[in-house]
>>> print(open('work.csv').read())   # CSV, all heavy atoms
chain,number,residue,atom,x,y,z
A,63,MET,N,119.7,16.6,64.2
A,63,MET,CA,119.3,15.3,63.8
A,63,MET,C,120.6,14.7,63.0
A,63,MET,O,121.1,15.3,62.1
A,63,MET,CB,118.1,15.3,62.9
A,63,MET,CG,117.5,13.9,62.7
A,63,MET,SD,116.0,13.9,61.7
A,63,MET,CE,114.8,14.6,62.8
A,64,SER,N,121.0,13.5,63.4
A,64,SER,CA,122.2,12.9,62.8
A,64,SER,C,121.9,12.4,61.4
A,64,SER,O,120.7,12.2,61.0
A,64,SER,CB,122.7,11.8,63.7
A,64,SER,OG,121.9,10.7,63.7
A,65,LYS,N,122.9,12.1,60.7
A,65,LYS,CA,122.8,11.6,59.4
A,65,LYS,C,122.1,10.2,59.3
A,65,LYS,O,121.3,10.0,58.4
A,65,LYS,CB,124.3,11.4,58.9
A,65,LYS,CG,124.4,11.0,57.5
A,65,LYS,CD,125.9,10.9,57.1
A,65,LYS,CE,126.1,10.5,55.7
A,65,LYS,NZ,127.5,10.5,55.3
A,66,GLU,N,122.3,9.4,60.3
A,66,GLU,CA,121.7,8.1,60.3
A,66,GLU,C,120.2,8.2,60.5
A,66,GLU,O,119.4,7.4,60.0
A,66,GLU,CB,122.3,7.2,61.4
A,66,GLU,CG,123.7,6.7,61.1
A,66,GLU,CD,124.7,7.8,61.4
A,66,GLU,OE1,124.4,8.7,62.2
A,66,GLU,OE2,125.9,7.8,60.9
A,67,TRP,N,119.7,9.1,61.3
A,67,TRP,CA,118.3,9.2,61.6
A,67,TRP,C,117.5,9.6,60.4
A,67,TRP,O,116.4,9.1,60.1
A,67,TRP,CB,118.0,10.3,62.7
A,67,TRP,CG,118.1,9.7,64.1
A,67,TRP,CD1,119.1,9.9,65.0
A,67,TRP,CD2,117.2,8.8,64.7
A,67,TRP,NE1,118.9,9.2,66.1
A,67,TRP,CE2,117.7,8.5,66.0
A,67,TRP,CE3,116.0,8.2,64.3
A,67,TRP,CZ2,117.1,7.7,66.9
A,67,TRP,CZ3,115.4,7.3,65.2
A,67,TRP,CH2,115.9,7.1,66.4
A,68,ILE,N,118.0,10.4,59.6
A,68,ILE,CA,117.4,10.8,58.3
A,68,ILE,C,117.2,9.6,57.4
A,68,ILE,O,116.2,9.4,56.8
A,68,ILE,CB,118.1,12.0,57.6
A,68,ILE,CG1,118.0,13.2,58.5
A,68,ILE,CG2,117.5,12.3,56.3
A,68,ILE,CD1,118.8,14.4,58.1
A,69,ALA,N,118.3,8.8,57.3
A,69,ALA,CA,118.3,7.6,56.5
A,69,ALA,C,117.2,6.6,57.0
A,69,ALA,O,116.5,6.0,56.3
A,69,ALA,CB,119.6,7.0,56.4
A,70,VAL,N,117.2,6.5,58.3
A,70,VAL,CA,116.2,5.5,58.9
A,70,VAL,C,114.8,6.0,58.7
A,70,VAL,O,113.9,5.2,58.3
A,70,VAL,CB,116.4,5.4,60.5
A,70,VAL,CG1,115.3,4.7,61.2
A,70,VAL,CG2,117.7,4.7,60.7
A,71,LEU,N,114.5,7.3,58.7
A,71,LEU,CA,113.2,7.9,58.5
A,71,LEU,C,112.8,7.7,57.0
A,71,LEU,O,111.7,7.4,56.7
A,71,LEU,CB,113.1,9.3,58.8
A,71,LEU,CG,113.2,9.6,60.3
A,71,LEU,CD1,113.2,11.1,60.6
A,71,LEU,CD2,112.0,9.0,61.0
A,72,LEU,N,113.8,7.8,56.1
A,72,LEU,CA,113.5,7.6,54.7
A,72,LEU,C,113.2,6.1,54.4
A,72,LEU,O,112.3,5.8,53.6
A,72,LEU,CB,114.7,8.1,53.8
A,72,LEU,CG,114.8,9.6,53.6
A,72,LEU,CD1,116.1,9.9,52.9
A,72,LEU,CD2,113.6,10.1,52.8
A,73,LEU,N,113.9,5.3,55.1
A,73,LEU,CA,113.7,3.8,54.9
A,73,LEU,C,112.3,3.5,55.4
A,73,LEU,O,111.6,2.7,54.9
A,73,LEU,CB,114.7,3.0,55.6
A,73,LEU,CG,116.1,2.9,54.9
A,73,LEU,CD1,117.1,2.2,55.7
A,73,LEU,CD2,115.9,2.2,53.5
A,74,ALA,N,111.9,4.1,56.6
A,74,ALA,CA,110.6,3.8,57.1
A,74,ALA,C,109.5,4.4,56.2
A,74,ALA,O,108.5,3.7,56.0
A,74,ALA,CB,110.5,4.5,58.5
A,75,LEU,N,109.7,5.5,55.6
A,75,LEU,CA,108.8,6.0,54.6
A,75,LEU,C,108.7,5.1,53.4
A,75,LEU,O,107.6,4.9,52.9
A,75,LEU,CB,109.2,7.4,54.2
A,75,LEU,CG,108.4,8.1,53.1
A,75,LEU,CD1,107.0,8.3,53.6
A,75,LEU,CD2,109.0,9.4,52.6
A,76,GLY,N,109.8,4.6,53.0
A,76,GLY,CA,109.8,3.6,51.8
A,76,GLY,C,109.0,2.4,52.2
A,76,GLY,O,108.2,1.9,51.4
A,77,GLY,N,109.1,1.9,53.4
A,77,GLY,CA,108.4,0.7,53.8
A,77,GLY,C,106.9,1.0,53.9
A,77,GLY,O,106.0,0.2,53.5
A,78,PHE,N,106.5,2.2,54.4
A,78,PHE,CA,105.1,2.6,54.5
A,78,PHE,C,104.5,2.7,53.1
A,78,PHE,O,103.4,2.2,52.9
A,78,PHE,CB,105.1,3.9,55.2
A,78,PHE,CG,103.7,4.5,55.4
A,78,PHE,CD1,102.8,3.9,56.3
A,78,PHE,CD2,103.2,5.5,54.6
A,78,PHE,CE1,101.5,4.4,56.5
A,78,PHE,CE2,102.0,6.0,54.8
A,78,PHE,CZ,101.1,5.5,55.7
A,79,LEU,N,105.3,3.2,52.2
A,79,LEU,CA,104.8,3.4,50.8
A,79,LEU,C,104.6,2.0,50.1
A,79,LEU,O,103.7,1.8,49.4
A,79,LEU,CB,105.7,4.3,50.0
A,79,LEU,CG,105.6,5.8,50.4
A,79,LEU,CD1,106.7,6.5,49.7
A,79,LEU,CD2,104.3,6.4,50.2
A,80,ILE,N,105.6,1.1,50.4
A,80,ILE,CA,105.5,-0.3,49.9
A,80,ILE,C,104.2,-1.0,50.4
A,80,ILE,O,103.5,-1.7,49.7
A,80,ILE,CB,106.7,-1.1,50.2
A,80,ILE,CG1,107.9,-0.6,49.4
A,80,ILE,CG2,106.5,-2.6,49.9
A,80,ILE,CD1,107.8,-0.8,47.9
A,81,GLY,N,103.9,-0.7,51.7
A,81,GLY,CA,102.6,-1.3,52.2
A,81,GLY,C,101.4,-0.7,51.5
A,81,GLY,O,100.4,-1.4,51.2
A,82,GLY,N,101.5,0.6,51.1
A,82,GLY,CA,100.4,1.2,50.3
A,82,GLY,C,100.3,0.5,48.9
A,82,GLY,O,99.2,0.3,48.4
A,83,VAL,N,101.4,0.3,48.3
A,83,VAL,CA,101.4,-0.4,47.0
A,83,VAL,C,100.7,-1.8,47.1
A,83,VAL,O,99.9,-2.1,46.3
A,83,VAL,CB,102.9,-0.5,46.5
A,83,VAL,CG1,102.9,-1.4,45.3
A,83,VAL,CG2,103.4,0.8,46.2
A,84,TYR,N,101.1,-2.5,48.2
A,84,TYR,CA,100.6,-3.8,48.4
A,84,TYR,C,99.0,-3.8,48.6
A,84,TYR,O,98.3,-4.6,48.0
A,84,TYR,CB,101.2,-4.5,49.6
A,84,TYR,CG,100.7,-5.9,49.9
A,84,TYR,CD1,101.1,-7.0,49.1
A,84,TYR,CD2,99.8,-6.1,50.9
A,84,TYR,CE1,100.6,-8.2,49.4
A,84,TYR,CE2,99.4,-7.4,51.2
A,84,TYR,CZ,99.8,-8.4,50.4
A,84,TYR,OH,99.3,-9.7,50.7
A,85,SER,N,98.6,-2.8,49.4
A,85,SER,CA,97.1,-2.8,49.6
A,85,SER,C,96.3,-2.2,48.5
A,85,SER,O,95.2,-2.5,48.4
A,85,SER,CB,96.9,-2.0,50.9
A,85,SER,OG,97.2,-0.6,50.7
A,86,LEU,N,96.9,-1.4,47.6
A,86,LEU,CA,96.2,-0.8,46.5
A,86,LEU,C,96.3,-1.5,45.2
A,86,LEU,O,95.6,-1.2,44.3
A,86,LEU,CB,96.7,0.7,46.3
A,86,LEU,CG,96.3,1.7,47.4
A,86,LEU,CD1,96.9,3.0,47.1
A,86,LEU,CD2,94.8,1.9,47.4
A,87,TRP,N,97.1,-2.5,45.1
A,87,TRP,CA,97.4,-3.1,43.8
A,87,TRP,C,96.2,-3.7,43.1
A,87,TRP,O,96.0,-3.5,41.9
A,87,TRP,CB,98.5,-4.2,44.0
A,87,TRP,CG,98.9,-4.7,42.7
A,87,TRP,CD1,98.6,-5.9,42.1
A,87,TRP,CD2,99.6,-4.0,41.7
A,87,TRP,NE1,99.2,-6.1,40.9
A,87,TRP,CE2,99.8,-4.9,40.6
A,87,TRP,CE3,100.2,-2.7,41.6
A,87,TRP,CZ2,100.5,-4.5,39.4
A,87,TRP,CZ3,100.9,-2.4,40.4
A,87,TRP,CH2,101.0,-3.3,39.4
A,88,LYS,N,95.3,-4.3,43.9
A,88,LYS,CA,94.1,-4.9,43.2
A,88,LYS,C,93.1,-3.9,42.8
A,88,LYS,O,92.3,-4.1,41.9
A,88,LYS,CB,93.5,-5.9,44.2
A,88,LYS,CG,94.3,-7.2,44.3
A,88,LYS,CD,93.5,-8.2,45.1
A,88,LYS,CE,94.4,-9.5,45.2
A,88,LYS,NZ,93.7,-10.5,46.0
A,89,THR,N,93.0,-2.8,43.5
A,89,THR,CA,91.9,-1.8,43.2
A,89,THR,C,92.3,-0.6,42.4
A,89,THR,O,91.6,-0.2,41.5
A,89,THR,CB,91.3,-1.3,44.5
A,89,THR,OG1,92.3,-0.7,45.3
A,89,THR,CG2,90.6,-2.5,45.3
A,90,ALA,N,93.5,-0.1,42.6
A,90,ALA,CA,93.9,1.1,42.0
A,90,ALA,C,95.4,1.0,41.5
A,90,ALA,O,96.3,1.5,42.2
A,90,ALA,CB,93.8,2.3,42.9
A,91,LYS,N,95.6,0.3,40.4
A,91,LYS,CA,96.9,0.0,40.0
A,91,LYS,C,97.7,1.2,39.6
A,91,LYS,O,98.9,1.3,39.9
A,91,LYS,CB,96.9,-1.0,38.8
A,91,LYS,CG,96.6,-2.4,39.2
A,91,LYS,CD,96.8,-3.3,38.0
A,91,LYS,CE,96.6,-4.7,38.2
A,91,LYS,NZ,95.9,-5.4,39.1
A,92,ALA,N,97.1,2.2,39.0
A,92,ALA,CA,97.8,3.4,38.6
A,92,ALA,C,98.4,4.1,39.9
A,92,ALA,O,99.6,4.6,39.9
A,92,ALA,CB,96.9,4.4,37.8
A,93,PHE,N,97.6,4.3,40.9
A,93,PHE,CA,98.0,4.9,42.1
A,93,PHE,C,99.1,4.1,42.8
A,93,PHE,O,100.0,4.6,43.4
A,93,PHE,CB,96.9,5.3,43.0
A,93,PHE,CG,97.2,6.2,44.2
A,93,PHE,CD1,97.7,7.4,43.9
A,93,PHE,CD2,97.1,5.7,45.5
A,93,PHE,CE1,98.1,8.2,45.0
A,93,PHE,CE2,97.4,6.6,46.5
A,93,PHE,CZ,97.9,7.8,46.3
A,94,ALA,N,98.9,2.8,42.7
A,94,ALA,CA,99.9,1.9,43.3
A,94,ALA,C,101.3,2.0,42.6
A,94,ALA,O,102.3,2.0,43.3
A,94,ALA,CB,99.5,0.4,43.2
A,95,VAL,N,101.3,2.2,41.3
A,95,VAL,CA,102.5,2.5,40.6
A,95,VAL,C,103.2,3.8,41.0
A,95,VAL,O,104.4,3.8,41.2
A,95,VAL,CB,102.3,2.4,39.1
A,95,VAL,CG1,103.5,2.9,38.3
A,95,VAL,CG2,101.9,1.0,38.6
A,96,VAL,N,102.4,4.8,41.2
A,96,VAL,CA,102.9,6.1,41.7
A,96,VAL,C,103.5,5.9,43.1
A,96,VAL,O,104.6,6.4,43.4
A,96,VAL,CB,101.8,7.2,41.7
A,96,VAL,CG1,102.3,8.4,42.4
A,96,VAL,CG2,101.3,7.4,40.3
A,97,LEU,N,102.8,5.2,44.0
A,97,LEU,CA,103.4,5.0,45.3
A,97,LEU,C,104.7,4.1,45.2
A,97,LEU,O,105.6,4.4,46.0
A,97,LEU,CB,102.4,4.2,46.2
A,97,LEU,CG,101.2,5.1,46.7
A,97,LEU,CD1,100.3,4.2,47.6
A,97,LEU,CD2,101.7,6.3,47.5
A,98,GLY,N,104.7,3.2,44.3
A,98,GLY,CA,105.9,2.4,44.1
A,98,GLY,C,107.1,3.2,43.7
A,98,GLY,O,108.2,3.0,44.2
A,99,ILE,N,106.9,4.1,42.8
A,99,ILE,CA,107.9,5.0,42.4
A,99,ILE,C,108.4,5.9,43.5
A,99,ILE,O,109.6,6.1,43.7
A,99,ILE,CB,107.5,5.9,41.2
A,99,ILE,CG1,107.3,5.0,40.0
A,99,ILE,CG2,108.5,7.0,40.9
A,99,ILE,CD1,106.6,5.7,38.8
A,100,ALA,N,107.5,6.4,44.3
A,100,ALA,CA,107.8,7.2,45.5
A,100,ALA,C,108.6,6.4,46.5
A,100,ALA,O,109.6,6.9,47.1
A,100,ALA,CB,106.6,7.8,46.1
A,101,ALA,N,108.3,5.1,46.7
A,101,ALA,CA,109.0,4.2,47.6
A,101,ALA,C,110.4,4.0,47.1
A,101,ALA,O,111.3,4.0,47.9
A,101,ALA,CB,108.2,2.9,47.7
A,102,VAL,N,110.6,3.7,45.8
A,102,VAL,CA,111.9,3.5,45.3
A,102,VAL,C,112.8,4.8,45.5
A,102,VAL,O,113.9,4.7,45.8
A,102,VAL,CB,111.8,3.1,43.8
A,102,VAL,CG1,113.2,3.2,43.1
A,102,VAL,CG2,111.2,1.7,43.7
A,103,LEU,N,112.2,6.0,45.3
A,103,LEU,CA,112.9,7.2,45.5
A,103,LEU,C,113.3,7.4,46.9
A,103,LEU,O,114.4,7.9,47.2
A,103,LEU,CB,112.1,8.4,45.0
A,103,LEU,CG,111.9,8.5,43.5
A,103,LEU,CD1,111.0,9.7,43.1
A,103,LEU,CD2,113.3,8.8,42.8
A,104,ALA,N,112.4,7.1,47.8
A,104,ALA,CA,112.7,7.2,49.3
A,104,ALA,C,113.8,6.3,49.7
A,104,ALA,O,114.8,6.7,50.4
A,104,ALA,CB,111.4,6.9,50.1
A,105,VAL,N,113.8,5.0,49.3
A,105,VAL,CA,114.8,4.1,49.6
A,105,VAL,C,116.1,4.4,48.9
A,105,VAL,O,117.2,4.4,49.6
A,105,VAL,CB,114.4,2.6,49.3
A,105,VAL,CG1,115.5,1.6,49.4
A,105,VAL,CG2,113.2,2.2,50.1
A,106,GLY,N,116.1,4.9,47.7
A,106,GLY,CA,117.3,5.3,47.0
A,106,GLY,C,117.9,6.5,47.7
A,106,GLY,O,119.1,6.7,47.8
A,107,GLY,N,117.0,7.4,48.1
A,107,GLY,CA,117.5,8.6,48.9
A,107,GLY,C,118.2,8.2,50.2
A,107,GLY,O,119.2,8.8,50.6
A,108,ALA,N,117.6,7.2,50.9
A,108,ALA,CA,118.2,6.8,52.1
A,108,ALA,C,119.6,6.2,51.9
A,108,ALA,O,120.5,6.4,52.6
A,108,ALA,CB,117.3,5.8,52.8
A,109,VAL,N,119.7,5.4,50.8
A,109,VAL,CA,121.0,4.8,50.5
A,109,VAL,C,122.0,5.8,50.1
A,109,VAL,O,123.1,5.8,50.6
A,109,VAL,CB,120.8,3.7,49.4
A,109,VAL,CG1,122.2,3.2,48.9
A,109,VAL,CG2,120.0,2.5,49.9
A,110,ALA,N,121.6,6.8,49.3
A,110,ALA,CA,122.5,7.8,48.9
A,110,ALA,C,122.9,8.7,50.1
A,110,ALA,O,124.0,9.1,50.2
A,110,ALA,CB,121.8,8.7,47.8
A,111,TRP,N,122.0,8.9,51.0
A,111,TRP,CA,122.3,9.7,52.2
A,111,TRP,C,123.3,9.0,53.0
A,111,TRP,O,124.2,9.6,53.6
A,111,TRP,CB,121.0,9.9,53.0
A,111,TRP,CG,121.1,11.0,54.0
A,111,TRP,CD1,121.6,10.9,55.3
A,111,TRP,CD2,120.7,12.3,53.9
A,111,TRP,NE1,121.6,12.1,55.9
A,111,TRP,CE2,121.0,13.0,55.1
A,111,TRP,CE3,120.2,13.1,52.8
A,111,TRP,CZ2,120.8,14.3,55.3
A,111,TRP,CZ3,119.9,14.4,53.1
A,111,TRP,CH2,120.2,15.0,54.3
A,112,LEU,N,123.2,7.7,53.2
A,112,LEU,CA,124.2,6.9,54.0
A,112,LEU,C,125.5,6.9,53.3
A,112,LEU,O,126.6,6.9,54.0
A,112,LEU,CB,123.7,5.5,54.2
A,112,LEU,CG,122.6,5.4,55.3
A,112,LEU,CD1,122.0,4.0,55.4
A,112,LEU,CD2,123.1,5.9,56.7
A,113,VAL,N,125.6,6.8,52.0
A,113,VAL,CA,126.8,6.6,51.3
A,113,VAL,C,127.6,8.0,51.2
A,113,VAL,O,128.8,8.0,51.3
A,113,VAL,CB,126.6,6.1,49.8
A,113,VAL,CG1,127.8,6.2,49.0
A,113,VAL,CG2,126.0,4.7,49.9
A,114,SER,N,126.9,9.1,51.2
A,114,SER,CA,127.6,10.3,51.1
A,114,SER,C,128.2,10.8,52.4
A,114,SER,O,127.9,10.3,53.4
A,114,SER,CB,126.6,11.4,50.6
A,114,SER,OG,125.6,11.7,51.6
>>> encode(input="work.csv", output="structure tokens")
Amino acid sequence: MSKEWIAVLLLALGGFLIGGVYSLWKTAKAFAVVLGIAAVLAVGGAVAWLVS
């Protein structure tokens, strides 16, 4: 698997998690915050993966 594919998969995971944050925000704010943190980590990991 090439370097770019891993970054694309991490970005897709981040987008999926952001969708979860959006859908959970009204009902379960604590879990939405946890998903948001995970999304930021996934996107940050993708950027770091591409830069390195």
>>> residues_around(input="work.csv", residues="stretch 71-84 of chain A", least_positions_apart="3", cutoff="7 Å", atoms="only C-alpha atoms", output="list in words")
Trp67, Ile68, Trp87, Ala94, Leu97, Gly98, Ala101, Val102, Ala104, Val105 and Ala108 of chain A
>>> residues_around(input="work.csv", residues="A:Lys65", least_positions_apart="4", cutoff="3.5 Å", atoms="all atoms listed in the file", output="PyMOL selection string")
chain A and resi 69+111+114
>>> atom_distance(input="work.csv", atom1="atom O of A:Glu66", atom2="atom CD1 of A:Leu112")
6.3 Å
>>> atom_distance(input="work.csv", atom1="atom CA of A:Gly107", atom2="atom CA of A:Ala90")
25.7 Å
>>> atom_distance(input="work.csv", atom1="atom O of A:Gly106", atom2="atom CG2 of A:Val70")
13.1 Å
>>> decode(input="work.csv", residues="chain A", atoms="C-alpha atoms", output="short mmCIF file (atom, residue, chain, number, x, y, z; two decimals), in the first residue's frame")
data_model
loop_
_atom_site.label_atom_id
_atom_site.label_comp_id
_atom_site.auth_asym_id
_atom_site.auth_seq_id
_atom_site.Cartn_x
_atom_site.Cartn_y
_atom_site.Cartn_z
CA MET A 63 0.00 0.00 0.00
CA SER A 64 1.47 3.32 -1.02
CA LYS A 65 1.97 6.31 1.21
CA GLU A 66 -0.86 8.25 -0.40
CA TRP A 67 -3.45 5.50 0.10
CA ILE A 68 -2.93 5.48 3.85
CA ALA A 69 -3.39 9.26 3.96
CA VAL A 70 -6.56 9.00 1.86
CA LEU A 71 -7.95 6.32 4.18
CA LEU A 72 -7.17 8.44 7.24
CA LEU A 73 -8.89 11.44 5.65
CA ALA A 74 -11.92 9.27 4.84
CA LEU A 75 -12.00 8.07 8.43
CA GLY A 76 -11.84 11.66 9.62
CA GLY A 77 -14.77 12.57 7.39
CA PHE A 78 -16.77 9.61 8.62
CA LEU A 79 -16.11 10.63 12.22
CA ILE A 80 -17.10 14.25 11.49
CA GLY A 81 -20.39 12.92 10.15
CA GLY A 82 -20.85 11.09 13.43
CA VAL A 83 -20.18 14.27 15.36
CA TYR A 84 -22.79 16.10 13.28
CA SER A 85 -25.43 13.44 13.79
CA LEU A 86 -24.80 12.96 17.53
CA TRP A 87 -24.40 16.59 18.59
CA LYS A 88 -28.03 17.15 19.66
CA THR A 89 -28.45 13.90 21.57
CA ALA A 90 -25.06 12.83 22.96
CA LYS A 91 -22.71 15.78 23.20
CA ALA A 92 -20.07 13.96 25.25
CA PHE A 93 -19.74 11.15 22.71
CA ALA A 94 -19.76 13.70 19.89
CA VAL A 95 -16.79 15.46 21.50
CA VAL A 96 -14.92 12.15 21.72
CA LEU A 97 -15.64 11.50 18.03
CA GLY A 98 -14.49 15.01 17.20
CA ILE A 99 -11.19 14.45 18.95
CA ALA A 100 -10.75 11.18 17.07
CA ALA A 101 -11.55 12.97 13.79
CA VAL A 102 -8.94 15.65 14.48
CA LEU A 103 -6.38 12.97 15.25
CA ALA A 104 -7.19 11.08 12.04
CA VAL A 105 -6.92 14.18 9.87
CA GLY A 106 -3.77 15.28 11.67
CA GLY A 107 -2.29 11.83 11.16
CA ALA A 108 -3.08 11.99 7.45
CA VAL A 109 -1.40 15.37 7.11
CA ALA A 110 1.62 14.20 9.09
CA TRP A 111 1.77 11.04 6.96
CA LEU A 112 1.82 13.08 3.76
CA VAL A 113 4.41 15.56 5.04
CA SER A 114 6.86 12.93 6.26
#
